[in-house]
Amino acid sequence: MFVGHAAVALAARKKARSVSLGWLVAAAFGLDLLWPVFLLVGLERVSIVPGITAASPLRFDYYPWSHSLLMTLAWSLVAYGLARWRGVSRGTSGLLGALVLSHWVLDVIVHRPDLPLWPGASPLVGLGLWNSVAWSLIVEGVLFAAGIFLYVRATRPADRTGVFAYWSWILVMTAMWLPGPFSPPPPSARAVAWVSLGMWLLPFWAAWADRHRTPREPATASSAPAGAEALSPAPTPDR
Ligand SMILES: [Zn+2]
């Protein structure tokens, strides 16, 4: 799952007014941000086996520290604790924790049974949506489109950067996701780890876009056409 994680972060923006989209994206992608780091330090392992699933050539040999259910619950608590420590409200902190947990749930849908429940000798789970390229693209595409729509309905651009930064982020996400099943397999597991480190850019890019957008007021939310990307006529709040 790739853009599906972005979808839940985008959808959460309306409920999480006090934190940037950057933090929501960091939480939703959290496990995948840890994963390349754990690969590079030798804590986890992946190999490239073309055809192992139709949509992805990655065989996730060992990744209990980033992707077991038990550790996901722990990372989710860490996210909650960090947010509370930074003065974020209980509700929004809980939402950040839930976003971390959502990653595992979405991964279960697409992965073959390779997700452990806990580190050590654990059963492996996964429903294997990646066995079908068409279904993978449909399910993730619908989730992503819903997330894009909900975010646009919850915020409006405060200036031109609010339009450009947001839509370029969506475009880059799409370019990172859509060609995947049709591309040649990556040259090595190490290359996968290094390229995956690039995902660390996504929260910062999202935060940049989010800084140039403002929540749509409840009153104007009904009068403004949903999804309209016209520049806001309202004065830009000083941020
Ligand atoms: Zn993942």
# chains A, B, ... in the order shown; residues from 1 in each chain; ligands from 1
>>> residues_around(residues="A:Val125", least_positions_apart="2", cutoff="8 Å", atoms="only C-alpha atoms", output="NGL selection string")
:A and (108 or 112-117 or 123 or 127)
>>> select_by_dssp(residues="stretch 6-221 of chain A", states="helix (DSSP H, G or I)", output="number ranges by chain")
A: 6-12, 21-28, 30-40, 64-67, 69-85, 90-110, 129-131, 133-154, 160-177, 180-182, 189-211, 218-221
>>> closest_residue(among="A:Lys15, A:Arg213, A:His111, A:Arg59", to="ligand 1", atoms="only C-alpha atoms and all ligand atoms")
A:His111
>>> closest_atom_pairs(of="chain A", to="ligand 1", cutoff="8 Å", atoms="only C-alpha atoms and all ligand atoms", output="tab-separated table")
residue	atom	partner	partner_atom_place_in_ligand_line	distance
A:Met1	CA	ligand 1	1 (Zn)	6.7
A:Phe2	CA	ligand 1	1 (Zn)	7.8
A:Phe29	CA	ligand 1	1 (Zn)	7.3
A:Leu31	CA	ligand 1	1 (Zn)	5.6
A:Asp32	CA	ligand 1	1 (Zn)	4.8
A:Trp35	CA	ligand 1	1 (Zn)	7.8
A:His67	CA	ligand 1	1 (Zn)	6.6
A:His103	CA	ligand 1	1 (Zn)	6.3
A:Trp104	CA	ligand 1	1 (Zn)	6.6
A:Asp107	CA	ligand 1	1 (Zn)	5.6
>>> closest_residue(among="A:Ser102, A:Thr161, A:Thr53, A:Ser132", to="A:Gly30", atoms="only C-alpha atoms")
A:Ser102
>>> residues_around(residues="A:Ala83", least_positions_apart="6", cutoff="9 Å", atoms="only C-alpha atoms", output="JSON, numbers by chain")
{"A": [89, 90, 92, 93, 94, 96, 97]}
>>> write_last_selection(atoms="N, CA and C atoms", output="PDB file, in the first residue's frame")
ATOM      1  N   SER A  89      -3.748  18.107  21.664  1.00  0.00           N
ATOM      2  CA  SER A  89      -4.913  17.653  22.428  1.00  0.00           C
ATOM      3  C   SER A  89      -5.004  16.134  22.439  1.00  0.00           C
ATOM      4  N   ARG A  90      -5.727  15.619  23.435  1.00  0.00           N
ATOM      5  CA  ARG A  90      -5.858  14.170  23.570  1.00  0.00           C
ATOM      6  C   ARG A  90      -6.488  13.562  22.311  1.00  0.00           C
ATOM      7  N   THR A  92      -6.630  14.712  19.137  1.00  0.00           N
ATOM      8  CA  THR A  92      -5.768  14.741  17.959  1.00  0.00           C
ATOM      9  C   THR A  92      -4.571  13.809  18.125  1.00  0.00           C
ATOM     10  N   SER A  93      -4.058  13.700  19.362  1.00  0.00           N
ATOM     11  CA  SER A  93      -2.967  12.747  19.617  1.00  0.00           C
ATOM     12  C   SER A  93      -3.446  11.327  19.350  1.00  0.00           C
ATOM     13  N   GLY A  94      -4.685  11.045  19.781  1.00  0.00           N
ATOM     14  CA  GLY A  94      -5.266   9.723  19.530  1.00  0.00           C
ATOM     15  C   GLY A  94      -5.409   9.460  18.040  1.00  0.00           C
ATOM     16  N   LEU A  96      -3.483  10.708  15.699  1.00  0.00           N
ATOM     17  CA  LEU A  96      -2.137  10.419  15.175  1.00  0.00           C
ATOM     18  C   LEU A  96      -1.755   8.969  15.461  1.00  0.00           C
ATOM     19  N   GLY A  97      -2.068   8.509  16.678  1.00  0.00           N
ATOM     20  CA  GLY A  97      -1.794   7.111  17.015  1.00  0.00           C
ATOM     21  C   GLY A  97      -2.584   6.162  16.125  1.00  0.00           C
TER      22      GLY A  97
END
>>> decode(residues="stretch 189-203 of chain A", atoms="N, CA and C atoms", output="mmCIF file, in the first residue's frame")
data_model
loop_
_atom_site.group_PDB
_atom_site.id
_atom_site.type_symbol
_atom_site.label_atom_id
_atom_site.label_comp_id
_atom_site.auth_asym_id
_atom_site.auth_seq_id
_atom_site.Cartn_x
_atom_site.Cartn_y
_atom_site.Cartn_z
ATOM 1 N N ALA A 189 18.266 -5.145 -3.132
ATOM 2 C CA ALA A 189 17.554 -4.818 -1.897
ATOM 3 C C ALA A 189 18.093 -3.525 -1.296
ATOM 4 N N ARG A 190 19.395 -3.332 -1.459
ATOM 5 C CA ARG A 190 20.014 -2.124 -0.925
ATOM 6 C C ARG A 190 19.484 -0.881 -1.649
ATOM 7 N N ALA A 191 19.303 -1.025 -2.966
ATOM 8 C CA ALA A 191 18.743 0.092 -3.736
ATOM 9 C C ALA A 191 17.325 0.399 -3.256
ATOM 10 N N VAL A 192 16.556 -0.645 -2.948
ATOM 11 C CA VAL A 192 15.196 -0.453 -2.436
ATOM 12 C C VAL A 192 15.236 0.374 -1.152
ATOM 13 N N ALA A 193 16.167 0.018 -0.279
ATOM 14 C CA ALA A 193 16.277 0.727 1.004
ATOM 15 C C ALA A 193 16.621 2.195 0.800
ATOM 16 N N TRP A 194 17.606 2.458 -0.073
ATOM 17 C CA TRP A 194 18.028 3.849 -0.293
ATOM 18 C C TRP A 194 16.915 4.674 -0.942
ATOM 19 N N VAL A 195 16.258 4.064 -1.955
ATOM 20 C CA VAL A 195 15.178 4.801 -2.630
ATOM 21 C C VAL A 195 14.019 5.044 -1.659
ATOM 22 N N SER A 196 13.742 4.048 -0.812
ATOM 23 C CA SER A 196 12.635 4.192 0.133
ATOM 24 C C SER A 196 12.895 5.288 1.163
ATOM 25 N N LEU A 197 14.169 5.580 1.405
ATOM 26 C CA LEU A 197 14.497 6.694 2.307
ATOM 27 C C LEU A 197 13.914 8.008 1.784
ATOM 28 N N GLY A 198 13.721 8.057 0.450
ATOM 29 C CA GLY A 198 13.142 9.247 -0.168
ATOM 30 C C GLY A 198 11.761 9.570 0.361
ATOM 31 N N MET A 199 11.090 8.544 0.958
ATOM 32 C CA MET A 199 9.753 8.791 1.512
ATOM 33 C C MET A 199 9.775 9.804 2.656
ATOM 34 N N TRP A 200 10.968 10.001 3.239
ATOM 35 C CA TRP A 200 11.083 10.999 4.312
ATOM 36 C C TRP A 200 10.784 12.411 3.807
ATOM 37 N N LEU A 201 10.877 12.611 2.480
ATOM 38 C CA LEU A 201 10.551 13.931 1.920
ATOM 39 C C LEU A 201 9.054 14.210 1.969
ATOM 40 N N LEU A 202 8.248 13.140 1.914
ATOM 41 C CA LEU A 202 6.797 13.314 1.753
ATOM 42 C C LEU A 202 6.148 14.131 2.875
ATOM 43 N N PRO A 203 6.444 13.854 4.162
ATOM 44 C CA PRO A 203 5.818 14.665 5.207
ATOM 45 C C PRO A 203 6.213 16.138 5.139
#
